[in-house]
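Visitor: Structure incoming, see below.
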Amino acid sequence: MKKNLVSLFVLLIVIISTNFLQGNNLFISENETPVIIQEEKQQDSFYSEKELGSFFKDGNTFFRLFTPNAEKVVLCLFEKPGFKPDNEYEMERDENGVWEVKLEGSMDGMLYAYKVFHENTENPPLCVDPYSKAVATYNDYMNPRLSIIYNEEYDWEGDSWLPRKWTDHIIYEMHVRDMTAHKSSGSSKPGTYQGLIQKGKTGGIDYIKKLGVNTVELLPSQEFGCIEIPWKDSMAGRFNTWNPYERNHWGYMTGAFFAPEAYYSEDWKELKWKTWMGTTGKQVNDFKDMVKAFHKEGIAVMMDVVYNHLSEYETGNLKEIDLEYYFRLNDDGTCMAASGCGNDLRTEAPMMRKMIVESILYWMKEYHIDGFRFDLGALIDWITIEEIIREARKINPNVVFVCEPWGGGKYDPEGFSVRDWGVWNDQVRNGIKGQNPRDGQGWIFGKWQGNNNPGRIKSYVQGTLLRDSLGLFTKKEHSVNYLAAHDDNTLGDFIRLALGKVNPEKKIKNVDRFVKLSSGELKLHKLASLFLLTSQGMTMIHSGQEFARTKVIPHNIKAEDEHKGHIDHNSYNKDNETNYINYKHAKANKELFDYYAGLIELRKTYKAFREAEYDDIKFITLKDFPFALAYELKYGDDRFFALFNAEQKADVTFELPDGKWQVLVNEKTAGIKSLKKVSGKYKLKSVSGAVLKFLK
């Protein structure tokens, strides 16, 4: 009772504190100094319910753009992609800062842009419509773009969102291009939306289905800045000393919030410079085909989205449309950069908030997206966070919202949890695997990372709830349990580095041999995966984790990269084999792949590992073995006994509850088939685990 009262008190404090933050819209800036976002600035008095962007109505084509501080706006139309418009039309401004022009007839397929004139502006750049449904991009520095008037109908064939409880999701975090760009995928359309869903291929959708995950989470696939600035040269006020590839591959530089990335519809082996892409709008239907194909296989589709900042490498976007309105500014008029990306969006501004919410609803209604993961969620104000989930649930009550609960020095997983958002659980990541492979190794290595201890390991099994010491969440379904993600080292490389397999002075030239797991590596992977897939909450797997993916930069690549031949922990800029999924490596480590597939089948088959109540999990520990634990798990008529031994050199023996048990998982195999029957005691080898099911 006392423990429950303490938990209630903690929850009350969280709610009070988060409501205080909501009222004041508190966020932490780059220097980690609390800053109050003021919503009473003059430009915030503007708000409009009008539909924005380009659209066809009553035999006419309308164009609307919100920019309250502009002095003049001109619509530019293009018959074909280029930089010189064929026709120009001045737009009229209403009292709420919306500029509009109406043209007779339907203009589907034409390209357009805006010239936005501000005080002392004589020759403004062509600006893309922030509400563009499709975008054409010229592949050059600063990513110049044109909007496409796009109104094509699409046959969904009765498709809709997949109804699924949050805890039922087994999320596979993946990059659209990486899944089929490598020749080992067998795709005839490598790196594309269409290539991803080709049947009968080694890679792509058949591989994902074989693994058994039921949700894919796409790294950013809204139109983004693929190209950064010249290597060892200046542009946009910066000198490039960090990116010899001049590329952005992951996509965390969004350029258009309503348009799918066009690169993934081009049948190119690699990005073509000084070339227009996406000019036909084909990317719209390609994206819808992809979603529909995944849904037919029972696989939900989530999107990783970036609404905290705009692409830093853009000319002719929101900065030129209305810098003062759309961005958080320093006293000297420059953009704030708490995101680390140079231009933080002012999400608290009513029309910026409207754009974010309408973008989410558009992807749900137009593309049947099942859920979203928000990049640097802590940089988005609470009112917007609350409105997003409230409005989205009116359309699909099962829609999933997940975020990184940090950004700009702020860290508030509890704040998101009380607002019913899911959150990346970095406590699980750090506690189980470790924070870094050198001196921050975790439980699977027989070490306590930071302030971890046996009690916290138990808390992770139960959903890392606020009722536990240092818990984070009001509900277990808010905990997104994961061990690795696109950021930082893969789990495979983390373990290789932690075990000293990598010589930092020596280049890795034979990656096929390097990726092959030793028996010691394999044991660590299996133990980690067993813990991950039997813990309460949502589960996320980083693509390739199931075969110990490595990210070695090719030693012979044509780039001025001093790290060639070494492991990459931040591969955001590499559209090459560093990031591509190599299916030969999945075959080389097939035993691990099969183990993951078996655990996924176990989790999907038995609700106990997804829906058990806190008090239905009873732990057993061994006094002399702090890194070993077991628990009995009850759900309905099912009883399980899960055992873990992270002791590095000691076998341990657990007393089993009375009765006979069938072994479903041991140190070699995982699944739902009985491997053998046991009773009395069960011996676990060092760095291994097991799952037993009670025989009635």
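Just so we're on the same page: first chain in the structure tokens is A, next is B, and so on; residues restart at 1 for each chain, and ligands are numbered from 1 in the order they show up.
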Give me, as a PyMOL selection string, the residues of region 28-205 of chain A that a backbone DSSP run labels alpha helix (DSSP H).
Guide: chain A and resi 193-196+205
Visitor: Please save C-alpha atoms of the selected residues as a short mmCIF file (atom, residue, chain, number, x, y, z; two decimals), in the first residue's frame.
Guide:
```
data_model
loop_
_atom_site.label_atom_id
_atom_site.label_comp_id
_atom_site.auth_asym_id
_atom_site.auth_seq_id
_atom_site.Cartn_x
_atom_site.Cartn_y
_atom_site.Cartn_z
CA TYR A 193 9.75 2.04 -52.83
CA GLN A 194 8.88 -0.43 -55.59
CA GLY A 195 12.05 -2.45 -55.04
CA LEU A 196 11.24 -2.77 -51.36
CA ILE A 205 9.41 -7.32 -47.98
#
```
Visitor: From the DSSP assignment of the backbone, select every residue of region 97-138 of chain A that is strand (DSSP E), and format the answer as a list of chain:residue names.
Guide: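 Those in region 97-138 of chain A that DSSP calls strand (DSSP E) are A:Val98, A:Trp99, A:Glu100, A:Val101, A:Lys102, A:Leu103, A:Glu104, A:Leu111, A:Tyr112, A:Ala113, A:Tyr114, A:Lys115, A:Val116, A:Phe117, A:Leu126, A:Cys127, A:Ala134, A:Val135, A:Ala136, A:Thr137, A:Tyr138.
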Visitor: Please provide as a ChimeraX atom specification all residues within 9 Å of Tyr367 (chain A), with the sequence filter that same-chain residues fewer than 5 positions apart are discarded (counting only C-alpha atoms).
Guide: /A:284,287-288,291-292,362
Visitor: Any chance you could export the current selection's N, CA and C atoms as a tab-separated table (two decimals), in the first residue's frame?
Guide:
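So out-v5.tsv came out as:
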```tsv
chain	number	residue	atom	x	y	z
A	284	VAL	N	4.37	9.70	-55.28
A	284	VAL	CA	3.16	9.64	-54.47
A	284	VAL	C	2.54	8.25	-54.53
A	287	PHE	N	4.78	5.42	-53.10
A	287	PHE	CA	4.72	5.33	-51.64
A	287	PHE	C	3.45	4.61	-51.20
A	288	LYS	N	2.33	4.95	-51.83
A	288	LYS	CA	1.06	4.31	-51.47
A	288	LYS	C	1.09	2.81	-51.81
A	291	VAL	N	2.92	1.09	-48.94
A	291	VAL	CA	2.12	0.93	-47.73
A	291	VAL	C	1.08	-0.16	-47.92
A	292	LYS	N	0.41	-0.15	-49.06
A	292	LYS	CA	-0.62	-1.15	-49.33
A	292	LYS	C	-0.04	-2.56	-49.33
A	362	TYR	N	-2.67	14.34	-42.72
A	362	TYR	CA	-2.59	14.08	-44.15
A	362	TYR	C	-1.94	12.73	-44.42
```
Visitor: Give me the residues within 7 Å of region 531-539 of chain A as a PyMOL selection string, counting only C-alpha atoms and dropping any in the same chain fewer than 3 places off.
Guide: chain A and resi 166-171+460-463+476-482+527-528+599-600+603+609-610
Visitor: Could you take the residues named above and write them with N, CA, C and O atoms, as a tab-separated table (two decimals), in the first residue's frame?
Guide:
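Saved to out-v7.tsv:
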```
chain	number	residue	atom	x	y	z
A	166	TRP	N	-0.71	-1.16	-28.86
A	166	TRP	CA	0.66	-0.66	-28.90
A	166	TRP	C	1.66	-1.75	-28.50
A	166	TRP	O	2.72	-1.88	-29.11
A	167	THR	N	1.34	-2.52	-27.49
A	167	THR	CA	2.29	-3.53	-27.02
A	167	THR	C	2.43	-4.70	-27.99
A	167	THR	O	3.34	-5.51	-27.85
A	168	ASP	N	1.52	-4.78	-28.97
A	168	ASP	CA	1.62	-5.85	-29.97
A	168	ASP	C	2.62	-5.51	-31.07
A	168	ASP	O	3.01	-6.40	-31.83
A	169	HIS	N	3.03	-4.26	-31.17
A	169	HIS	CA	3.94	-3.85	-32.23
A	169	HIS	C	5.36	-4.35	-31.97
A	169	HIS	O	5.92	-4.14	-30.89
A	170	ILE	N	5.92	-5.02	-32.96
A	170	ILE	CA	7.35	-5.36	-32.97
A	170	ILE	C	7.92	-4.57	-34.14
A	170	ILE	O	7.75	-4.93	-35.30
A	171	ILE	N	8.56	-3.46	-33.82
A	171	ILE	CA	8.95	-2.45	-34.80
A	171	ILE	C	10.32	-2.75	-35.38
A	171	ILE	O	11.26	-3.06	-34.64
A	460	TYR	N	12.88	-3.01	-15.93
A	460	TYR	CA	12.81	-3.02	-17.39
A	460	TYR	C	11.91	-4.14	-17.90
A	460	TYR	O	11.19	-3.97	-18.89
A	461	VAL	N	11.95	-5.28	-17.21
A	461	VAL	CA	11.07	-6.39	-17.60
A	461	VAL	C	9.61	-5.98	-17.49
A	461	VAL	O	8.78	-6.35	-18.32
A	462	GLN	N	9.29	-5.16	-16.49
A	462	GLN	CA	7.91	-4.82	-16.18
A	462	GLN	C	7.42	-3.54	-16.86
A	462	GLN	O	6.28	-3.14	-16.65
A	463	GLY	N	8.26	-2.89	-17.64
A	463	GLY	CA	7.81	-1.71	-18.37
A	463	GLY	C	8.37	-0.40	-17.89
A	463	GLY	O	7.92	0.66	-18.33
A	476	LYS	N	3.01	0.72	-19.26
A	476	LYS	CA	4.09	-0.04	-19.88
A	476	LYS	C	4.10	0.12	-21.40
A	476	LYS	O	5.17	0.04	-22.03
A	477	GLU	N	2.91	0.36	-22.01
A	477	GLU	CA	2.88	0.50	-23.47
A	477	GLU	C	3.59	1.75	-23.95
A	477	GLU	O	3.84	1.92	-25.14
A	478	HIS	N	3.95	2.64	-23.04
A	478	HIS	CA	4.71	3.84	-23.42
A	478	HIS	C	6.20	3.54	-23.57
A	478	HIS	O	6.94	4.34	-24.15
A	479	SER	N	6.63	2.42	-23.05
A	479	SER	CA	8.06	2.06	-23.10
A	479	SER	C	8.39	1.38	-24.42
A	479	SER	O	7.93	0.28	-24.69
A	480	VAL	N	9.19	2.05	-25.24
A	480	VAL	CA	9.68	1.45	-26.48
A	480	VAL	C	11.05	0.87	-26.18
A	480	VAL	O	12.05	1.59	-26.09
A	481	ASN	N	11.09	-0.43	-25.96
A	481	ASN	CA	12.32	-1.10	-25.57
A	481	ASN	C	13.19	-1.36	-26.80
A	481	ASN	O	12.72	-1.92	-27.78
A	482	TYR	N	14.44	-0.97	-26.71
A	482	TYR	CA	15.35	-1.17	-27.84
A	482	TYR	C	16.78	-1.26	-27.34
A	482	TYR	O	17.10	-0.83	-26.22
A	527	LEU	N	21.45	-13.49	-25.62
A	527	LEU	CA	20.98	-13.07	-24.30
A	527	LEU	C	20.28	-11.72	-24.39
A	527	LEU	O	19.21	-11.51	-23.80
A	528	ALA	N	20.88	-10.79	-25.14
A	528	ALA	CA	20.28	-9.46	-25.29
A	528	ALA	C	18.93	-9.54	-25.98
A	528	ALA	O	17.95	-8.90	-25.55
A	599	LEU	N	12.12	-15.87	-31.37
A	599	LEU	CA	11.66	-15.03	-30.26
A	599	LEU	C	10.48	-14.15	-30.68
A	599	LEU	O	9.56	-13.91	-29.89
A	600	ILE	N	10.53	-13.66	-31.91
A	600	ILE	CA	9.42	-12.84	-32.42
A	600	ILE	C	8.15	-13.69	-32.50
A	600	ILE	O	7.06	-13.24	-32.12
A	603	ARG	N	6.82	-14.12	-28.95
A	603	ARG	CA	6.17	-12.91	-28.45
A	603	ARG	C	4.80	-12.70	-29.10
A	603	ARG	O	3.83	-12.32	-28.42
A	609	PHE	N	3.82	-12.06	-22.77
A	609	PHE	CA	5.01	-11.22	-22.92
A	609	PHE	C	4.66	-9.80	-23.39
A	609	PHE	O	5.54	-8.97	-23.55
A	610	ARG	N	3.35	-9.55	-23.57
A	610	ARG	CA	2.91	-8.23	-24.01
A	610	ARG	C	1.90	-7.60	-23.06
A	610	ARG	O	1.83	-6.39	-22.93
```
Visitor: Mind dumping a table of every region 195-297 of chain A residue within 7 Å of region 570-579 of chain A, with the nearest atom pair and its distance in Å to one decimal, using only C-alpha atoms, sorted by chain and rising number, as a Markdown table?
Guide:
```
| residue | atom | partner | partner_atom | distance |
| --- | --- | --- | --- | --- |
| A:Tyr245 | CA | A:Asn573 | CA | 6.5 |
| A:Arg247 | CA | A:Asn573 | CA | 5.1 |
| A:Asn248 | CA | A:Asn573 | CA | 4.5 |
| A:His249 | CA | A:Asn573 | CA | 4.9 |
| A:Trp250 | CA | A:Tyr572 | CA | 5.1 |
```
Visitor: Would you list the contacts of Lys523 (chain A) as a list in words, taking every protein, DNA or RNA residue within 12 Å and counting only C-alpha atoms, but skipping same-chain residues closer than 5 positions in sequence?
Guide: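 Returned residues: Ile444, Phe445, Gly492, Ile495, Leu517, Ser518, Ala528, Ser529, Leu530, Ala548, Glu591, Leu592, Tyr595, Phe644, Asn645, Ala646, Glu647, Gln648, Asn666, Glu667, Lys668, Thr669, Lys685, Ser686, Val687, Ser688 and Gly689 of chain A.
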Visitor: What lies within 10 Å of Gln441 (chain A) using only C-alpha atoms, ignoring chain neighbours under 6 positions off, as a VMD selection string?
Guide: chain A and resid 430 to 435 447 to 450 494 to 495 498
Visitor: Residues within 12 Å of Lys183 (chain A), please, as an mmCIF file with all heavy atoms, in the first residue's frame. Count only C-alpha atoms; anything in the same chain fewer than 4 positions from it doesn't count.
Guide:
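Final file, out_19.cif:
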```
data_model
loop_
_atom_site.group_PDB
_atom_site.id
_atom_site.type_symbol
_atom_site.label_atom_id
_atom_site.label_comp_id
_atom_site.auth_asym_id
_atom_site.auth_seq_id
_atom_site.Cartn_x
_atom_site.Cartn_y
_atom_site.Cartn_z
ATOM 1 N N ASP A 178 18.190 1.521 -48.061
ATOM 2 C CA ASP A 178 19.171 0.549 -47.568
ATOM 3 C C ASP A 178 18.698 -0.895 -47.679
ATOM 4 O O ASP A 178 19.506 -1.816 -47.815
ATOM 5 C CB ASP A 178 19.518 0.837 -46.105
ATOM 6 C CG ASP A 178 20.352 2.087 -45.937
ATOM 7 O OD1 ASP A 178 20.844 2.620 -46.948
ATOM 8 O OD2 ASP A 178 20.504 2.540 -44.786
ATOM 9 N N MET A 179 17.381 -1.109 -47.634
ATOM 10 C CA MET A 179 16.866 -2.482 -47.601
ATOM 11 C C MET A 179 17.072 -3.235 -48.912
ATOM 12 O O MET A 179 17.097 -4.468 -48.921
ATOM 13 C CB MET A 179 15.382 -2.484 -47.230
ATOM 14 C CG MET A 179 15.093 -2.090 -45.785
ATOM 15 S SD MET A 179 15.940 -3.111 -44.547
ATOM 16 C CE MET A 179 15.191 -4.702 -44.857
ATOM 17 N N SER A 187 17.023 -7.299 -55.863
ATOM 18 C CA SER A 187 15.983 -6.430 -56.401
ATOM 19 C C SER A 187 16.349 -5.926 -57.793
ATOM 20 O O SER A 187 17.504 -5.583 -58.054
ATOM 21 C CB SER A 187 15.761 -5.234 -55.467
ATOM 22 O OG SER A 187 14.860 -4.308 -56.040
ATOM 23 N N SER A 188 15.335 -5.852 -58.665
ATOM 24 C CA SER A 188 15.545 -5.267 -59.988
ATOM 25 C C SER A 188 15.298 -3.764 -59.975
ATOM 26 O O SER A 188 15.531 -3.078 -60.975
ATOM 27 C CB SER A 188 14.620 -5.930 -61.015
ATOM 28 O OG SER A 188 13.261 -5.700 -60.687
ATOM 29 N N LYS A 189 14.832 -3.258 -58.836
ATOM 30 C CA LYS A 189 14.624 -1.817 -58.658
ATOM 31 C C LYS A 189 15.256 -1.401 -57.330
ATOM 32 O O LYS A 189 14.576 -0.946 -56.413
ATOM 33 C CB LYS A 189 13.137 -1.481 -58.673
ATOM 34 C CG LYS A 189 12.447 -1.815 -59.997
ATOM 35 C CD LYS A 189 10.974 -1.454 -59.942
ATOM 36 C CE LYS A 189 10.278 -1.765 -61.267
ATOM 37 N NZ LYS A 189 8.840 -1.430 -61.230
ATOM 38 N N PRO A 190 16.566 -1.569 -57.223
ATOM 39 C CA PRO A 190 17.231 -1.365 -55.928
ATOM 40 C C PRO A 190 17.080 0.054 -55.389
ATOM 41 O O PRO A 190 17.135 1.026 -56.132
ATOM 42 C CB PRO A 190 18.694 -1.688 -56.237
ATOM 43 C CG PRO A 190 18.837 -1.508 -57.713
ATOM 44 C CD PRO A 190 17.525 -1.894 -58.294
ATOM 45 N N GLY A 191 16.865 0.114 -54.083
ATOM 46 C CA GLY A 191 16.834 1.395 -53.393
ATOM 47 C C GLY A 191 15.551 2.166 -53.512
ATOM 48 O O GLY A 191 15.485 3.327 -53.116
ATOM 49 N N GLY A 195 11.108 -1.377 -55.296
ATOM 50 C CA GLY A 195 12.054 -2.453 -55.041
ATOM 51 C C GLY A 195 11.856 -3.083 -53.682
ATOM 52 O O GLY A 195 12.035 -4.301 -53.503
ATOM 53 N N LYS A 201 12.192 -11.988 -53.830
ATOM 54 C CA LYS A 201 13.571 -11.503 -53.770
ATOM 55 C C LYS A 201 14.182 -11.830 -52.407
ATOM 56 O O LYS A 201 13.483 -12.022 -51.416
ATOM 57 C CB LYS A 201 13.628 -9.990 -54.021
ATOM 58 C CG LYS A 201 12.972 -9.552 -55.330
ATOM 59 C CD LYS A 201 13.674 -10.140 -56.534
ATOM 60 C CE LYS A 201 13.019 -9.691 -57.840
ATOM 61 N NZ LYS A 201 13.665 -10.291 -59.027
ATOM 62 N N THR A 202 15.504 -11.847 -52.364
ATOM 63 C CA THR A 202 16.193 -12.132 -51.098
ATOM 64 C C THR A 202 15.933 -11.045 -50.079
ATOM 65 O O THR A 202 15.715 -11.312 -48.889
ATOM 66 C CB THR A 202 17.704 -12.276 -51.339
ATOM 67 O OG1 THR A 202 17.933 -13.329 -52.266
ATOM 68 C CG2 THR A 202 18.436 -12.575 -50.033
ATOM 69 N N GLY A 203 15.990 -9.784 -50.546
ATOM 70 C CA GLY A 203 15.809 -8.654 -49.646
ATOM 71 C C GLY A 203 14.423 -8.052 -49.731
ATOM 72 O O GLY A 203 13.564 -8.475 -50.505
ATOM 73 N N GLY A 204 14.177 -7.029 -48.922
ATOM 74 C CA GLY A 204 12.913 -6.321 -48.968
ATOM 75 C C GLY A 204 11.805 -7.011 -48.201
ATOM 76 O O GLY A 204 12.019 -7.643 -47.170
ATOM 77 N N LYS A 269 21.072 3.951 -59.837
ATOM 78 C CA LYS A 269 22.008 3.220 -58.987
ATOM 79 C C LYS A 269 22.509 4.127 -57.875
ATOM 80 O O LYS A 269 22.748 3.690 -56.746
ATOM 81 C CB LYS A 269 23.177 2.691 -59.820
ATOM 82 C CG LYS A 269 24.150 1.836 -59.036
ATOM 83 C CD LYS A 269 25.243 1.266 -59.923
ATOM 84 C CE LYS A 269 26.203 0.400 -59.121
ATOM 85 N NZ LYS A 269 27.291 -0.149 -59.968
ATOM 86 N N ASN A 576 25.997 4.358 -49.391
ATOM 87 C CA ASN A 576 26.898 3.337 -49.928
ATOM 88 C C ASN A 576 26.834 2.086 -49.055
ATOM 89 O O ASN A 576 25.968 1.976 -48.180
ATOM 90 C CB ASN A 576 28.336 3.873 -50.043
ATOM 91 C CG ASN A 576 28.909 4.335 -48.711
ATOM 92 O OD1 ASN A 576 28.743 3.674 -47.679
ATOM 93 N ND2 ASN A 576 29.590 5.474 -48.712
ATOM 94 N N GLU A 577 27.744 1.164 -49.255
ATOM 95 C CA GLU A 577 27.677 -0.137 -48.581
ATOM 96 C C GLU A 577 27.895 -0.057 -47.071
ATOM 97 O O GLU A 577 27.672 -1.040 -46.372
ATOM 98 C CB GLU A 577 28.663 -1.112 -49.222
ATOM 99 C CG GLU A 577 28.252 -1.517 -50.637
ATOM 100 C CD GLU A 577 28.994 -2.750 -51.142
ATOM 101 O OE1 GLU A 577 29.619 -3.445 -50.318
ATOM 102 O OE2 GLU A 577 28.946 -3.005 -52.359
ATOM 103 N N TYR A 580 24.051 -0.037 -46.531
ATOM 104 C CA TYR A 580 23.177 -0.987 -47.224
ATOM 105 C C TYR A 580 23.127 -2.333 -46.491
ATOM 106 O O TYR A 580 24.154 -2.837 -46.019
ATOM 107 C CB TYR A 580 23.665 -1.232 -48.657
ATOM 108 C CG TYR A 580 23.706 -0.012 -49.543
ATOM 109 C CD1 TYR A 580 24.441 -0.022 -50.718
ATOM 110 C CD2 TYR A 580 23.005 1.154 -49.214
ATOM 111 C CE1 TYR A 580 24.487 1.090 -51.552
ATOM 112 C CE2 TYR A 580 23.059 2.274 -50.040
ATOM 113 C CZ TYR A 580 23.800 2.234 -51.206
ATOM 114 O OH TYR A 580 23.850 3.337 -52.021
ATOM 115 N N ILE A 581 21.937 -2.932 -46.433
ATOM 116 C CA ILE A 581 21.780 -4.256 -45.836
ATOM 117 C C ILE A 581 22.381 -5.297 -46.777
ATOM 118 O O ILE A 581 21.963 -5.431 -47.930
ATOM 119 C CB ILE A 581 20.299 -4.576 -45.580
ATOM 120 C CG1 ILE A 581 19.698 -3.579 -44.578
ATOM 121 C CG2 ILE A 581 20.148 -6.001 -45.069
ATOM 122 C CD1 ILE A 581 20.296 -3.626 -43.202
ATOM 123 N N ASN A 582 23.374 -6.026 -46.246
ATOM 124 C CA ASN A 582 24.059 -7.061 -47.017
ATOM 125 C C ASN A 582 23.498 -8.419 -46.602
ATOM 126 O O ASN A 582 23.738 -8.891 -45.489
ATOM 127 C CB ASN A 582 25.569 -6.991 -46.758
ATOM 128 C CG ASN A 582 26.368 -7.927 -47.643
ATOM 129 O OD1 ASN A 582 25.879 -8.981 -48.045
ATOM 130 N ND2 ASN A 582 27.608 -7.560 -47.934
ATOM 131 N N TYR A 583 22.735 -9.017 -47.487
ATOM 132 C CA TYR A 583 22.033 -10.251 -47.134
ATOM 133 C C TYR A 583 22.958 -11.461 -47.075
ATOM 134 O O TYR A 583 22.590 -12.504 -46.520
ATOM 135 C CB TYR A 583 20.864 -10.463 -48.090
ATOM 136 C CG TYR A 583 19.812 -9.388 -47.894
ATOM 137 C CD1 TYR A 583 19.811 -8.234 -48.664
ATOM 138 C CD2 TYR A 583 18.867 -9.508 -46.895
ATOM 139 C CE1 TYR A 583 18.870 -7.234 -48.458
ATOM 140 C CE2 TYR A 583 17.918 -8.519 -46.668
ATOM 141 C CZ TYR A 583 17.929 -7.377 -47.456
ATOM 142 O OH TYR A 583 17.007 -6.379 -47.228
ATOM 143 N N LYS A 584 24.163 -11.333 -47.602
ATOM 144 C CA LYS A 584 25.158 -12.393 -47.399
ATOM 145 C C LYS A 584 25.529 -12.471 -45.923
ATOM 146 O O LYS A 584 25.825 -13.554 -45.404
ATOM 147 C CB LYS A 584 26.400 -12.120 -48.248
ATOM 148 C CG LYS A 584 26.201 -12.230 -49.745
ATOM 149 C CD LYS A 584 27.516 -12.142 -50.497
ATOM 150 C CE LYS A 584 28.212 -10.812 -50.261
ATOM 151 N NZ LYS A 584 29.485 -10.703 -51.035
#
```
Visitor: Check the smallest atom-to-atom distance from each of A:Lys693, A:Lys475, A:Arg438, A:Lys365 to Trp421 (chain A) using only C-alpha atoms, then report the winner.
Guide: A:Lys475
Visitor: Quick one: distance from CA of Gly212 (chain A) to CA of Ile541 (chain A) in Å, one decimal?
Guide: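 So the answer is 11.5 Å.
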